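Undergrad: Hey, dropping my_file.pdb in here, PDB, C-alpha atoms:
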```pdb
ATOM      1  CA  MET A   1     295.538  85.121  48.539
ATOM      2  CA  ALA A   2     292.609  86.345  50.638
ATOM      3  CA  ASN A   3     291.153  89.828  50.665
ATOM      4  CA  VAL A   4     291.600  91.466  54.056
ATOM      5  CA  PRO A   5     290.741  94.907  55.434
ATOM      6  CA  PHE A   6     293.594  96.970  54.043
ATOM      7  CA  ASP A   7     294.165 100.606  55.027
ATOM      8  CA  ARG A   8     295.387 102.395  51.898
ATOM      9  CA  SER A   9     296.420 105.439  53.939
ATOM     10  CA  ALA A  10     299.449 103.563  55.261
ATOM     11  CA  LEU A  11     300.458 102.949  51.655
ATOM     12  CA  LYS A  12     300.010 106.607  50.738
ATOM     13  CA  VAL A  13     302.148 107.687  53.708
ATOM     14  CA  GLY A  14     304.925 105.438  52.422
ATOM     15  CA  GLN A  15     304.631 106.886  48.926
ATOM     16  CA  VAL A  16     304.823 110.459  50.244
ATOM     17  CA  ILE A  17     307.913 109.644  52.335
ATOM     18  CA  LEU A  18     309.522 107.946  49.353
ATOM     19  CA  ILE A  19     308.809 110.711  46.833
ATOM     20  CA  ALA A  20     309.634 113.579  49.213
ATOM     21  CA  GLY A  21     312.737 111.801  50.520
ATOM     22  CA  LEU A  22     314.146 111.035  47.076
ATOM     23  CA  VAL A  23     313.414 114.469  45.611
ATOM     24  CA  THR A  24     314.895 116.251  48.636
ATOM     25  CA  ALA A  25     317.966 114.041  48.607
ATOM     26  CA  TRP A  26     318.440 114.623  44.873
ATOM     27  CA  VAL A  27     318.272 118.401  45.292
ATOM     28  CA  ILE A  28     320.859 118.250  48.098
ATOM     29  CA  ALA A  29     322.978 115.827  46.058
ATOM     30  CA  LEU A  30     323.422 118.476  43.363
ATOM     31  CA  SER A  31     325.878 120.156  45.734
ATOM     32  CA  VAL A  32     326.499 117.508  48.421
ATOM     33  CA  PRO A  33     327.023 114.098  46.743
ATOM     34  CA  LEU A  34     326.826 112.339  50.130
ATOM     35  CA  ALA A  35     323.076 112.926  50.040
ATOM     36  CA  ALA A  36     322.998 109.711  47.981
ATOM     37  CA  ILE A  37     322.911 107.960  51.360
ATOM     38  CA  ALA A  38     319.133 108.427  51.044
ATOM     39  CA  LEU A  39     319.094 105.737  48.351
ATOM     40  CA  PRO A  40     320.040 102.762  50.560
ATOM     41  CA  LEU A  41     318.024 104.152  53.465
ATOM     42  CA  LEU A  42     314.860 104.368  51.375
ATOM     43  CA  ALA A  43     315.666 101.000  49.806
ATOM     44  CA  ALA A  44     315.724  99.513  53.308
ATOM     45  CA  MET A  45     312.394 101.190  54.071
ATOM     46  CA  MET A  46     310.782  99.737  50.927
ATOM     47  CA  LEU A  47     312.195  96.272  51.413
ATOM     48  CA  GLY A  48     311.053  96.348  55.041
ATOM     49  CA  SER A  49     307.537  97.254  53.908
ATOM     50  CA  ALA A  50     307.619  94.498  51.300
ATOM     51  CA  LEU A  51     308.665  91.939  53.911
ATOM     52  CA  SER A  52     305.744  92.367  56.295
ATOM     53  CA  PRO A  53     303.510  94.992  57.964
ATOM     54  CA  ALA A  54     305.518  94.576  61.166
ATOM     55  CA  THR A  55     308.700  95.813  59.461
ATOM     56  CA  SER A  56     307.061  98.718  57.633
ATOM     57  CA  LEU A  57     308.327 102.081  58.899
ATOM     58  CA  PRO A  58     305.654 104.159  57.083
ATOM     59  CA  ARG A  59     302.961 101.955  58.574
ATOM     60  CA  ALA A  60     304.452 102.373  62.048
ATOM     61  CA  LEU A  61     304.543 106.152  61.551
ATOM     62  CA  TYR A  62     300.943 106.172  60.307
ATOM     63  CA  ILE A  63     299.579 103.998  63.111
ATOM     64  CA  GLY A  64     301.706 105.463  65.902
ATOM     65  CA  VAL A  65     301.610 109.158  65.034
ATOM     66  CA  LEU A  66     299.519 110.274  62.058
ATOM     67  CA  LYS A  67     296.312 108.297  62.595
ATOM     68  CA  PRO A  68     295.908 108.966  66.362
ATOM     69  CA  ARG A  69     296.473 112.693  65.751
ATOM     70  CA  ARG A  70     293.971 112.564  62.876
ATOM     71  CA  LEU A  71     296.547 114.005  60.510
ATOM     72  CA  VAL A  72     295.730 111.247  58.018
ATOM     73  CA  ARG A  73     292.323 109.586  57.746
ATOM     74  CA  PRO A  74     291.985 105.827  57.298
ATOM     75  CA  ARG A  75     290.883 104.491  53.889
ATOM     76  CA  VAL A  76     290.110 100.852  54.523
ATOM     77  CA  GLN A  77     289.185  98.552  51.634
ATOM     78  CA  MET A  78     288.855  94.796  51.350
ATOM     79  CA  GLU A  79     291.764  93.837  49.151
ATOM     80  CA  ASP A  80     294.772  91.645  48.845
ATOM     81  CA  PRO A  81     297.926  93.394  50.126
ATOM     82  CA  ALA A  82     300.239  91.159  48.062
ATOM     83  CA  PRO A  83     300.421  93.360  44.926
ATOM     84  CA  HIS A  84     301.330  96.400  47.044
ATOM     85  CA  ARG A  85     304.139  94.436  48.683
ATOM     86  CA  PHE A  86     305.223  93.326  45.221
ATOM     87  CA  ALA A  87     305.335  96.935  44.036
ATOM     88  CA  GLN A  88     307.361  97.898  47.127
ATOM     89  CA  LEU A  89     309.724  95.011  46.444
ATOM     90  CA  VAL A  90     310.236  96.243  42.873
ATOM     91  CA  GLY A  91     310.888  99.776  44.150
ATOM     92  CA  GLY A  92     313.266  98.453  46.797
ATOM     93  CA  ILE A  93     315.215  96.481  44.214
ATOM     94  CA  PHE A  94     315.516  99.546  41.995
ATOM     95  CA  LEU A  95     316.869 101.547  44.940
ATOM     96  CA  VAL A  96     319.321  98.796  45.882
ATOM     97  CA  ALA A  97     320.581  98.924  42.298
ATOM     98  CA  ALA A  98     320.756 102.722  42.557
ATOM     99  CA  SER A  99     322.751 102.419  45.784
ATOM    100  CA  ALA A 100     325.165  99.982  44.157
ATOM    101  CA  ALA A 101     325.601 102.366  41.226
ATOM    102  CA  ALA A 102     326.314 105.232  43.637
ATOM    103  CA  VAL A 103     328.933 103.182  45.539
ATOM    104  CA  LEU A 104     330.620 102.333  42.224
ATOM    105  CA  GLY A 105     330.747 106.000  41.316
ATOM    106  CA  HIS A 106     327.994 105.989  38.655
ATOM    107  CA  ILE A 107     326.073 108.878  40.165
ATOM    108  CA  THR A 108     323.950 109.682  37.103
ATOM    109  CA  VAL A 109     322.831 106.049  36.837
ATOM    110  CA  ALA A 110     322.051 105.977  40.558
ATOM    111  CA  TRP A 111     319.831 109.032  40.462
ATOM    112  CA  SER A 112     318.209 108.000  37.164
ATOM    113  CA  LEU A 113     317.037 104.816  38.879
ATOM    114  CA  GLY A 114     315.923 106.939  41.821
ATOM    115  CA  TRP A 115     313.872 109.160  39.537
ATOM    116  CA  ILE A 116     312.265 106.121  37.875
ATOM    117  CA  VAL A 117     311.124 105.053  41.348
ATOM    118  CA  ILE A 118     309.795 108.585  41.949
ATOM    119  CA  GLY A 119     307.868 108.446  38.668
ATOM    120  CA  LEU A 120     306.326 105.049  39.376
ATOM    121  CA  ALA A 121     305.453 105.974  42.970
ATOM    122  CA  PHE A 122     303.829 109.185  41.739
ATOM    123  CA  LEU A 123     301.727 107.302  39.163
ATOM    124  CA  ASN A 124     300.484 105.029  41.915
ATOM    125  CA  PHE A 125     299.926 107.827  44.452
ATOM    126  CA  ALA A 126     298.173 110.307  42.168
ATOM    127  CA  PHE A 127     296.346 108.096  39.681
ATOM    128  CA  ASP A 128     296.172 104.698  41.411
ATOM    129  CA  ILE A 129     297.816 103.302  38.308
ATOM    130  CA  CYS A 130     298.737  99.761  39.158
ATOM    131  CA  VAL A 131     302.230  99.493  37.731
ATOM    132  CA  GLY A 132     302.559  96.256  39.694
ATOM    133  CA  CYS A 133     299.676  94.795  37.667
ATOM    134  CA  ILE A 134     301.431  95.681  34.420
ATOM    135  CA  VAL A 135     304.780  94.341  35.574
ATOM    136  CA  TYR A 136     303.146  91.176  36.918
ATOM    137  CA  ALA A 137     301.304  90.504  33.642
ATOM    138  CA  GLN A 138     304.497  91.058  31.659
ATOM    139  CA  LEU A 139     306.518  88.739  33.903
ATOM    140  CA  VAL A 140     303.891  85.995  33.644
ATOM    141  CA  ARG A 141     303.789  86.461  29.875
ATOM    142  CA  VAL A 142     307.505  85.800  29.548
ATOM    143  CA  GLY A 143     307.277  82.855  31.927
ATOM    144  CA  LEU A 144     309.164  84.335  34.877
ATOM    145  CA  PHE A 145     306.306  83.680  37.325
ATOM    146  CA  PRO A 146     305.342  80.084  38.125
ATOM    147  CA  ILE A 147     301.927  78.663  37.398
ATOM    148  CA  THR A 148     299.644  78.927  40.446
ATOM    149  CA  GLY A 149     297.080  76.486  41.772
ATOM    150  CA  ARG A 150     294.109  78.874  41.593
ATOM    151  CA  SER A 151     291.000  77.452  39.959
ATOM    152  CA  PRO A 152     288.949  79.515  37.479
ATOM    153  CA  VAL A 153     285.421  80.650  38.278
ATOM    154  CA  ALA A 154     282.833  79.756  35.666
ATOM    155  CA  GLY A 155     280.750  82.639  34.366
TER     156      GLY A 155
ATOM    157  CA  MET B   1     327.048 120.531  35.458
ATOM    158  CA  PRO B   2     326.472 118.244  38.464
ATOM    159  CA  ALA B   3     326.077 114.613  37.368
ATOM    160  CA  PRO B   4     322.659 114.028  38.990
ATOM    161  CA  LEU B   5     321.090 116.917  37.067
ATOM    162  CA  LEU B   6     320.502 114.721  34.032
ATOM    163  CA  ALA B   7     318.849 111.994  36.099
ATOM    164  CA  PRO B   8     315.207 113.206  35.853
ATOM    165  CA  LEU B   9     315.570 113.541  32.086
ATOM    166  CA  ILE B  10     317.055 110.052  31.756
ATOM    167  CA  ALA B  11     314.278 108.632  33.942
ATOM    168  CA  LEU B  12     311.681 110.434  31.830
ATOM    169  CA  VAL B  13     313.172 108.958  28.655
ATOM    170  CA  ALA B  14     313.212 105.468  30.223
ATOM    171  CA  LEU B  15     309.591 105.737  31.383
ATOM    172  CA  ALA B  16     308.555 107.175  28.004
ATOM    173  CA  ALA B  17     310.272 104.233  26.273
ATOM    174  CA  ALA B  18     308.402 101.774  28.524
ATOM    175  CA  ALA B  19     305.137 103.608  27.796
ATOM    176  CA  GLY B  20     305.989 103.399  24.088
ATOM    177  CA  VAL B  21     306.479  99.634  24.283
ATOM    178  CA  LEU B  22     303.135  99.266  26.047
ATOM    179  CA  ARG B  23     301.546 101.471  23.386
ATOM    180  CA  VAL B  24     302.904  99.222  20.626
ATOM    181  CA  GLN B  25     301.595  96.167  22.477
ATOM    182  CA  ARG B  26     298.234  97.915  22.793
ATOM    183  CA  SER B  27     298.032  98.662  19.072
ATOM    184  CA  ARG B  28     298.902  95.022  18.331
ATOM    185  CA  GLN B  29     296.121  94.071  20.710
ATOM    186  CA  ARG B  30     293.668  96.267  18.783
ATOM    187  CA  ARG B  31     294.511  94.313  15.637
ATOM    188  CA  LEU B  32     292.968  91.280  17.309
ATOM    189  CA  VAL B  33     289.490  92.598  16.429
ATOM    190  CA  GLY B  34     287.833  90.049  14.160
ATOM    191  CA  ILE B  35     290.149  87.221  15.170
ATOM    192  CA  PRO B  36     288.227  84.073  16.121
ATOM    193  CA  LEU B  37     288.440  82.425  19.522
ATOM    194  CA  PRO B  38     291.289  79.891  19.705
ATOM    195  CA  ARG B  39     290.101  76.277  19.671
ATOM    196  CA  SER B  40     291.488  75.646  23.123
ATOM    197  CA  LEU B  41     289.121  78.231  24.574
ATOM    198  CA  ALA B  42     286.078  77.466  22.404
ATOM    199  CA  GLY B  43     284.730  74.630  24.525
ATOM    200  CA  THR B  44     281.912  72.334  23.368
ATOM    201  CA  PRO B  45     279.193  72.557  22.226
ATOM    202  CA  PRO B  46     279.534  75.692  20.039
ATOM    203  CA  ASP B  47     276.701  77.463  21.846
ATOM    204  CA  SER B  48     278.856  77.550  24.938
ATOM    205  CA  LEU B  49     280.987  80.320  23.417
ATOM    206  CA  PRO B  50     281.582  83.000  26.028
ATOM    207  CA  ASP B  51     280.605  86.654  25.623
ATOM    208  CA  ILE B  52     283.578  87.841  27.620
ATOM    209  CA  LEU B  53     287.021  86.461  28.334
ATOM    210  CA  TYR B  54     288.235  87.817  31.663
ATOM    211  CA  PHE B  55     292.012  87.633  32.106
ATOM    212  CA  THR B  56     293.112  87.832  35.718
ATOM    213  CA  GLY B  57     295.918  86.752  38.019
ATOM    214  CA  GLU B  58     296.448  85.731  41.606
ATOM    215  CA  ASN B  59     298.205  88.934  42.662
ATOM    216  CA  CYS B  60     295.965  91.351  40.764
ATOM    217  CA  THR B  61     294.303  93.707  43.246
ATOM    218  CA  VAL B  62     292.299  95.674  40.686
ATOM    219  CA  CYS B  63     290.919  92.370  39.369
ATOM    220  CA  GLU B  64     289.517  91.388  42.766
ATOM    221  CA  VAL B  65     288.541  94.797  44.115
ATOM    222  CA  ALA B  66     287.052  96.355  40.991
ATOM    223  CA  GLN B  67     286.731  94.060  37.980
ATOM    224  CA  ARG B  68     285.166  91.018  39.619
ATOM    225  CA  PRO B  69     282.394  93.085  41.323
ATOM    226  CA  ALA B  70     281.782  94.875  37.998
ATOM    227  CA  LEU B  71     281.359  91.525  36.224
ATOM    228  CA  LYS B  72     278.981  90.420  38.975
ATOM    229  CA  ARG B  73     276.891  93.568  38.406
ATOM    230  CA  LEU B  74     277.045  92.924  34.658
ATOM    231  CA  ARG B  75     275.485  89.473  35.229
ATOM    232  CA  GLU B  76     272.583  91.263  36.917
ATOM    233  CA  LEU B  77     272.177  93.503  33.855
ATOM    234  CA  ILE B  78     272.455  90.710  31.264
ATOM    235  CA  ASP B  79     270.981  87.417  32.565
ATOM    236  CA  ASP B  80     272.362  85.085  29.940
ATOM    237  CA  ILE B  81     275.865  86.522  29.726
ATOM    238  CA  ALA B  82     278.673  83.959  29.652
ATOM    239  CA  ILE B  83     281.982  85.040  31.160
ATOM    240  CA  ARG B  84     285.043  82.828  31.049
ATOM    241  CA  GLU B  85     287.749  83.633  33.585
ATOM    242  CA  ILE B  86     291.340  82.874  32.590
ATOM    243  CA  ASP B  87     294.268  82.955  35.012
ATOM    244  CA  VAL B  88     297.199  84.188  32.913
ATOM    245  CA  ALA B  89     299.679  82.127  34.928
ATOM    246  CA  ARG B  90     297.737  78.906  34.314
ATOM    247  CA  ASP B  91     297.012  79.594  30.648
ATOM    248  CA  ARG B  92     299.899  81.558  29.191
ATOM    249  CA  GLY B  93     298.936  80.473  25.688
ATOM    250  CA  ALA B  94     295.598  82.242  25.946
ATOM    251  CA  ALA B  95     297.297  85.320  27.414
ATOM    252  CA  ARG B  96     299.743  85.354  24.497
ATOM    253  CA  SER B  97     296.945  84.834  21.943
ATOM    254  CA  TYR B  98     295.255  87.975  23.178
ATOM    255  CA  ARG B  99     298.518  89.846  23.862
ATOM    256  CA  VAL B 100     297.513  90.455  27.470
ATOM    257  CA  MET B 101     299.823  93.192  28.747
ATOM    258  CA  THR B 102     298.108  94.221  31.955
ATOM    259  CA  LEU B 103     295.548  92.888  34.373
ATOM    260  CA  PRO B 104     292.629  92.845  34.302
ATOM    261  CA  THR B 105     291.983  92.481  30.581
ATOM    262  CA  THR B 106     288.520  91.732  29.236
ATOM    263  CA  VAL B 107     287.891  90.596  25.670
ATOM    264  CA  VAL B 108     284.373  90.939  24.283
ATOM    265  CA  LEU B 109     283.401  88.352  21.671
ATOM    266  CA  ASP B 110     280.601  88.308  19.109
ATOM    267  CA  PRO B 111     278.231  85.301  18.807
ATOM    268  CA  ALA B 112     280.695  83.649  16.428
ATOM    269  CA  GLY B 113     283.517  83.941  18.938
ATOM    270  CA  ARG B 114     285.345  86.726  17.129
ATOM    271  CA  THR B 115     287.029  89.498  19.089
ATOM    272  CA  THR B 116     285.163  92.800  18.949
ATOM    273  CA  VAL B 117     287.018  94.772  21.597
ATOM    274  CA  VAL B 118     289.891  94.320  24.050
ATOM    275  CA  ASN B 119     289.822  96.332  27.291
ATOM    276  CA  ALA B 120     293.290  96.657  28.812
ATOM    277  CA  GLY B 121     292.766  97.527  32.462
ATOM    278  CA  PHE B 122     289.570  97.870  34.455
ATOM    279  CA  ALA B 123     286.302  98.120  32.475
ATOM    280  CA  GLY B 124     283.079  98.995  34.314
ATOM    281  CA  GLU B 125     279.781  97.166  33.902
ATOM    282  CA  ALA B 126     278.147  99.985  31.905
ATOM    283  CA  LYS B 127     280.952  99.993  29.331
ATOM    284  CA  LEU B 128     281.007  96.181  29.118
ATOM    285  CA  ARG B 129     277.216  96.014  28.776
ATOM    286  CA  GLU B 130     277.358  98.422  25.826
ATOM    287  CA  GLN B 131     280.180  96.413  24.231
ATOM    288  CA  VAL B 132     278.423  93.065  24.734
ATOM    289  CA  LEU B 133     275.135  94.343  23.296
ATOM    290  CA  ALA B 134     276.969  95.821  20.308
ATOM    291  CA  ALA B 135     278.825  92.527  19.810
ATOM    292  CA  ARG B 136     275.568  90.540  19.934
ATOM    293  CA  ALA B 137     274.134  92.808  17.244
ATOM    294  CA  VAL B 138     276.869  91.625  14.866
ATOM    295  CA  ASP B 139     275.612  89.117  12.276
ATOM    296  CA  PRO B 140     277.494  85.877  13.015
ATOM    297  CA  GLN B 141     277.548  85.083   9.278
ATOM    298  CA  SER B 142     279.208  88.333   8.267
ATOM    299  CA  ALA B 143     282.937  88.826   7.905
ATOM    300  CA  VAL B 144     284.460  91.402  10.187
ATOM    301  CA  ALA B 145     286.775  93.904   8.559
TER     302      ALA B 145
END
```
Would you kindly transcribe this structure into structure tokens?
TA:
Amino acid sequence: MANVPFDRSALKVGQVILIAGLVTAWVIALSVPLAAIALPLLAAMMLGSALSPATSLPRALYIGVLKPRRLVRPRVQMEDPAPHRFAQLVGGIFLVAASAAAVLGHITVAWSLGWIVIGLAFLNFAFDICVGCIVYAQLVRVGLFPITGRSPVAG
Amino acid sequence: MPAPLLAPLIALVALAAAAGVLRVQRSRQRRLVGIPLPRSLAGTPPDSLPDILYFTGENCTVCEVAQRPALKRLRELIDDIAIREIDVARDRGAARSYRVMTLPTTVVLDPAGRTTVVNAGFAGEAKLREQVLAARAVDPQSAVA
């Protein structure tokens, strides 16, 4: 995978929407259980972002509204966007599972998964902790990721 | 009590459990100090032993954006440093030998190929330089406790 100019601000916008959306929905869900509809909606947002930049709603919001109005400044770095898409895929899968749990009537399970996503998104947003790196290393360790064709660089 | 009220607590317990597992893995990794380099990584001749093993992976952003440039700067600080890069997907055995639990991971070796320190996560060039110089000061003939 090649490093490309990657604007981290689009990522941060997505994390803010995710965290704020889930927390708000949870608070409302304490009295209005239908607020759990936020789970599949945010799952769709995350899976869309994982699929490609063209299907990323936070990115569209950032580029179309926030950046032109200078409400959010760009933070462009040369990096590979793949791990961020992987992290969004993991978050999306968690929220799909949460949605399924909600549909089946397991509300506590649904919101527990939602809060795990909040926690992981917060770690990434506030501390740039790469949970994706940890998950990736663990999955490779147990053999769930295939061997790649990348050649080592001699040092 | 509304059902979702327990959710943050359950999530906290789950995340704390995951952090606990990583902590246990980390303490097992620390016990690698003094362990010699596996034969498969030793290479020939013996004087080609690396100073640093650098564990990385294809999808590791921090590896490319931060760790690789730090290792490049380290080469400018220590001319004769030998760094061996290991892709964890291509060499799972090596990753298991060093209990790699996150990427990047750098393992500093002494002149005899024994582990002196394992850095889980990004390690800057200043920290690595200090670790490599301390490792080189170790007498290759002595046993490491």
Undergrad: Return the neighbours of chain A among the residues of chain B, cut-off 8 Å, counting all atoms listed in the file, as a ChimeraX atom specification.
TA: /B:2-12,14-15,57-62,64-65,81-90,92,95-96,100-103
Undergrad: Next, dump the selected residues to file, keeping only C-alpha atoms, as an mmCIF file, in the coordinates of the input.
TA:
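Saved the output as selection36.cif:
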```cif
data_model
loop_
_atom_site.group_PDB
_atom_site.id
_atom_site.type_symbol
_atom_site.label_atom_id
_atom_site.label_comp_id
_atom_site.auth_asym_id
_atom_site.auth_seq_id
_atom_site.Cartn_x
_atom_site.Cartn_y
_atom_site.Cartn_z
ATOM 1 C CA PRO B 2 326.472 118.244 38.464
ATOM 2 C CA ALA B 3 326.077 114.613 37.368
ATOM 3 C CA PRO B 4 322.659 114.028 38.990
ATOM 4 C CA LEU B 5 321.090 116.917 37.067
ATOM 5 C CA LEU B 6 320.502 114.721 34.032
ATOM 6 C CA ALA B 7 318.849 111.994 36.099
ATOM 7 C CA PRO B 8 315.207 113.206 35.853
ATOM 8 C CA LEU B 9 315.570 113.541 32.086
ATOM 9 C CA ILE B 10 317.055 110.052 31.756
ATOM 10 C CA ALA B 11 314.278 108.632 33.942
ATOM 11 C CA LEU B 12 311.681 110.434 31.830
ATOM 12 C CA ALA B 14 313.212 105.468 30.223
ATOM 13 C CA LEU B 15 309.591 105.737 31.383
ATOM 14 C CA GLY B 57 295.918 86.752 38.019
ATOM 15 C CA GLU B 58 296.448 85.731 41.606
ATOM 16 C CA ASN B 59 298.205 88.934 42.662
ATOM 17 C CA CYS B 60 295.965 91.351 40.764
ATOM 18 C CA THR B 61 294.303 93.707 43.246
ATOM 19 C CA VAL B 62 292.299 95.674 40.686
ATOM 20 C CA GLU B 64 289.517 91.388 42.766
ATOM 21 C CA VAL B 65 288.541 94.797 44.115
ATOM 22 C CA ILE B 81 275.865 86.522 29.726
ATOM 23 C CA ALA B 82 278.673 83.959 29.652
ATOM 24 C CA ILE B 83 281.982 85.040 31.160
ATOM 25 C CA ARG B 84 285.043 82.828 31.049
ATOM 26 C CA GLU B 85 287.749 83.633 33.585
ATOM 27 C CA ILE B 86 291.340 82.874 32.590
ATOM 28 C CA ASP B 87 294.268 82.955 35.012
ATOM 29 C CA VAL B 88 297.199 84.188 32.913
ATOM 30 C CA ALA B 89 299.679 82.127 34.928
ATOM 31 C CA ARG B 90 297.737 78.906 34.314
ATOM 32 C CA ARG B 92 299.899 81.558 29.191
ATOM 33 C CA ALA B 95 297.297 85.320 27.414
ATOM 34 C CA ARG B 96 299.743 85.354 24.497
ATOM 35 C CA VAL B 100 297.513 90.455 27.470
ATOM 36 C CA MET B 101 299.823 93.192 28.747
ATOM 37 C CA THR B 102 298.108 94.221 31.955
ATOM 38 C CA LEU B 103 295.548 92.888 34.373
#
```
Undergrad: Determine the residue set returned by the PyMOL selection byres ((chain B and resi 107-117) around 6) for the present structure, and present it as a VMD selection string.
TA: chain B and resid 33 to 37 51 to 53 106 118 135 to 136 140
Undergrad: Using all atoms of range 105-123 of chain B that appear in the file, construct an axis-aligned enclosing box with 3 Å of padding on every side and provide its centre coordinates and edge lengths in Å, rounded to one decimal, as AutoDock Vina command-line options.
TA:
```
--center_x 285.8 --center_y 90.9 --center_z 25.4 --size_x 21.1 --size_y 20.5 --size_z 24.0
```
Undergrad: Hey, can you check how far CA of Met45 in chain A sits from CA of Leu71 in chain A?
TA: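 Answer for the CA of Met45 in chain A to CA of Leu71 in chain A separation: 21.4 Å.
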Undergrad: List as a ChimeraX atom specification the protein and nucleic acid residues near Ser56 in chain A, meaning an atom at most 9 Å away when only C-alpha atoms are counted, but skip any in the same chain fewer than 4 places from it.
TA: /A:14,45-52,60-61
Undergrad: Skip Ile37 in chain A itself and residues of its chain fewer than 2 positions away, then list as a ChimeraX atom specification all residues within 12 Å of it, counting only C-alpha atoms.
TA: /A:21-22,24-26,28-29,32-35,39-44,95-96,98-103,107,110-111,114
Undergrad: What gap, in Å, lies between CA of Leu77 in chain B and CA of Pro50 in chain B?
TA: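 One can read the CA of Leu77 in chain B to CA of Pro50 in chain B distance as 16.1 Å.
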Undergrad: Tell me, in Å to one decimal, how far CA of Ser9 in chain A is from CA of Arg59 in chain A.
TA: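 Pair CA of Ser9 in chain A / CA of Arg59 in chain A returns 8.7 Å.
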Undergrad: For the structure shown, which residues end up in the PyMOL selection byres ((chain A and resi 73) around 12)? Put them as an MDAnalysis selection string, please?
TA: chainID A and resid 7:10 12:13 62:63 65:72 74:76
Undergrad: The PyMOL selection byres ((chain B and resi 122) around 6) - which residues does that actually catch in the file I just gave you? List them as an mmCIF file with C-alpha atoms, keeping the file's coordinate frame.
TA:
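Written output follows (part_24.cif):
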```cif
data_model
loop_
_atom_site.group_PDB
_atom_site.id
_atom_site.type_symbol
_atom_site.label_atom_id
_atom_site.label_comp_id
_atom_site.auth_asym_id
_atom_site.auth_seq_id
_atom_site.Cartn_x
_atom_site.Cartn_y
_atom_site.Cartn_z
ATOM 1 C CA GLN B 67 286.731 94.060 37.980
ATOM 2 C CA PRO B 104 292.629 92.845 34.302
ATOM 3 C CA GLY B 121 292.766 97.527 32.462
ATOM 4 C CA ALA B 123 286.302 98.120 32.475
#
```
Undergrad: Rebuild range 57-61 of chain A to all heavy atoms - output it as a PDB file, in the coordinates of the input, please.
TA:
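Result written to out-v3.pdb:
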```
ATOM      1  N   LEU A  57     308.139 100.817  58.165  1.00  0.00           N
ATOM      2  CA  LEU A  57     308.327 102.081  58.899  1.00  0.00           C
ATOM      3  C   LEU A  57     307.192 103.076  58.616  1.00  0.00           C
ATOM      4  O   LEU A  57     306.665 103.683  59.549  1.00  0.00           O
ATOM      5  CB  LEU A  57     309.694 102.681  58.526  1.00  0.00           C
ATOM      6  CG  LEU A  57     310.102 103.952  59.245  1.00  0.00           C
ATOM      7  CD1 LEU A  57     310.248 103.695  60.736  1.00  0.00           C
ATOM      8  CD2 LEU A  57     311.411 104.484  58.678  1.00  0.00           C
ATOM      9  N   PRO A  58     306.785 103.243  57.343  1.00  0.00           N
ATOM     10  CA  PRO A  58     305.654 104.159  57.083  1.00  0.00           C
ATOM     11  C   PRO A  58     304.391 103.740  57.828  1.00  0.00           C
ATOM     12  O   PRO A  58     303.672 104.588  58.359  1.00  0.00           O
ATOM     13  CB  PRO A  58     305.459 104.072  55.570  1.00  0.00           C
ATOM     14  CG  PRO A  58     306.760 103.610  55.041  1.00  0.00           C
ATOM     15  CD  PRO A  58     307.342 102.728  56.078  1.00  0.00           C
ATOM     16  N   ARG A  59     304.152 102.450  57.888  1.00  0.00           N
ATOM     17  CA  ARG A  59     302.961 101.955  58.574  1.00  0.00           C
ATOM     18  C   ARG A  59     303.048 102.267  60.060  1.00  0.00           C
ATOM     19  O   ARG A  59     302.077 102.678  60.695  1.00  0.00           O
ATOM     20  CB  ARG A  59     302.804 100.455  58.356  1.00  0.00           C
ATOM     21  CG  ARG A  59     301.528  99.882  58.909  1.00  0.00           C
ATOM     22  CD  ARG A  59     301.373  98.408  58.548  1.00  0.00           C
ATOM     23  NE  ARG A  59     300.164  97.858  59.143  1.00  0.00           N
ATOM     24  CZ  ARG A  59     300.084  97.380  60.371  1.00  0.00           C
ATOM     25  NH1 ARG A  59     301.151  97.369  61.141  1.00  0.00           N
ATOM     26  NH2 ARG A  59     298.946  96.908  60.841  1.00  0.00           N
ATOM     27  N   ALA A  60     304.253 102.079  60.631  1.00  0.00           N
ATOM     28  CA  ALA A  60     304.452 102.373  62.048  1.00  0.00           C
ATOM     29  C   ALA A  60     304.231 103.866  62.318  1.00  0.00           C
ATOM     30  O   ALA A  60     303.615 104.247  63.323  1.00  0.00           O
ATOM     31  CB  ALA A  60     305.864 101.964  62.467  1.00  0.00           C
ATOM     32  N   LEU A  61     304.719 104.697  61.413  1.00  0.00           N
ATOM     33  CA  LEU A  61     304.543 106.152  61.551  1.00  0.00           C
ATOM     34  C   LEU A  61     303.060 106.514  61.468  1.00  0.00           C
ATOM     35  O   LEU A  61     302.546 107.315  62.256  1.00  0.00           O
ATOM     36  CB  LEU A  61     305.325 106.866  60.443  1.00  0.00           C
ATOM     37  CG  LEU A  61     305.177 108.379  60.361  1.00  0.00           C
ATOM     38  CD1 LEU A  61     305.769 109.048  61.595  1.00  0.00           C
ATOM     39  CD2 LEU A  61     305.841 108.923  59.096  1.00  0.00           C
TER      40      LEU A  61
END
```
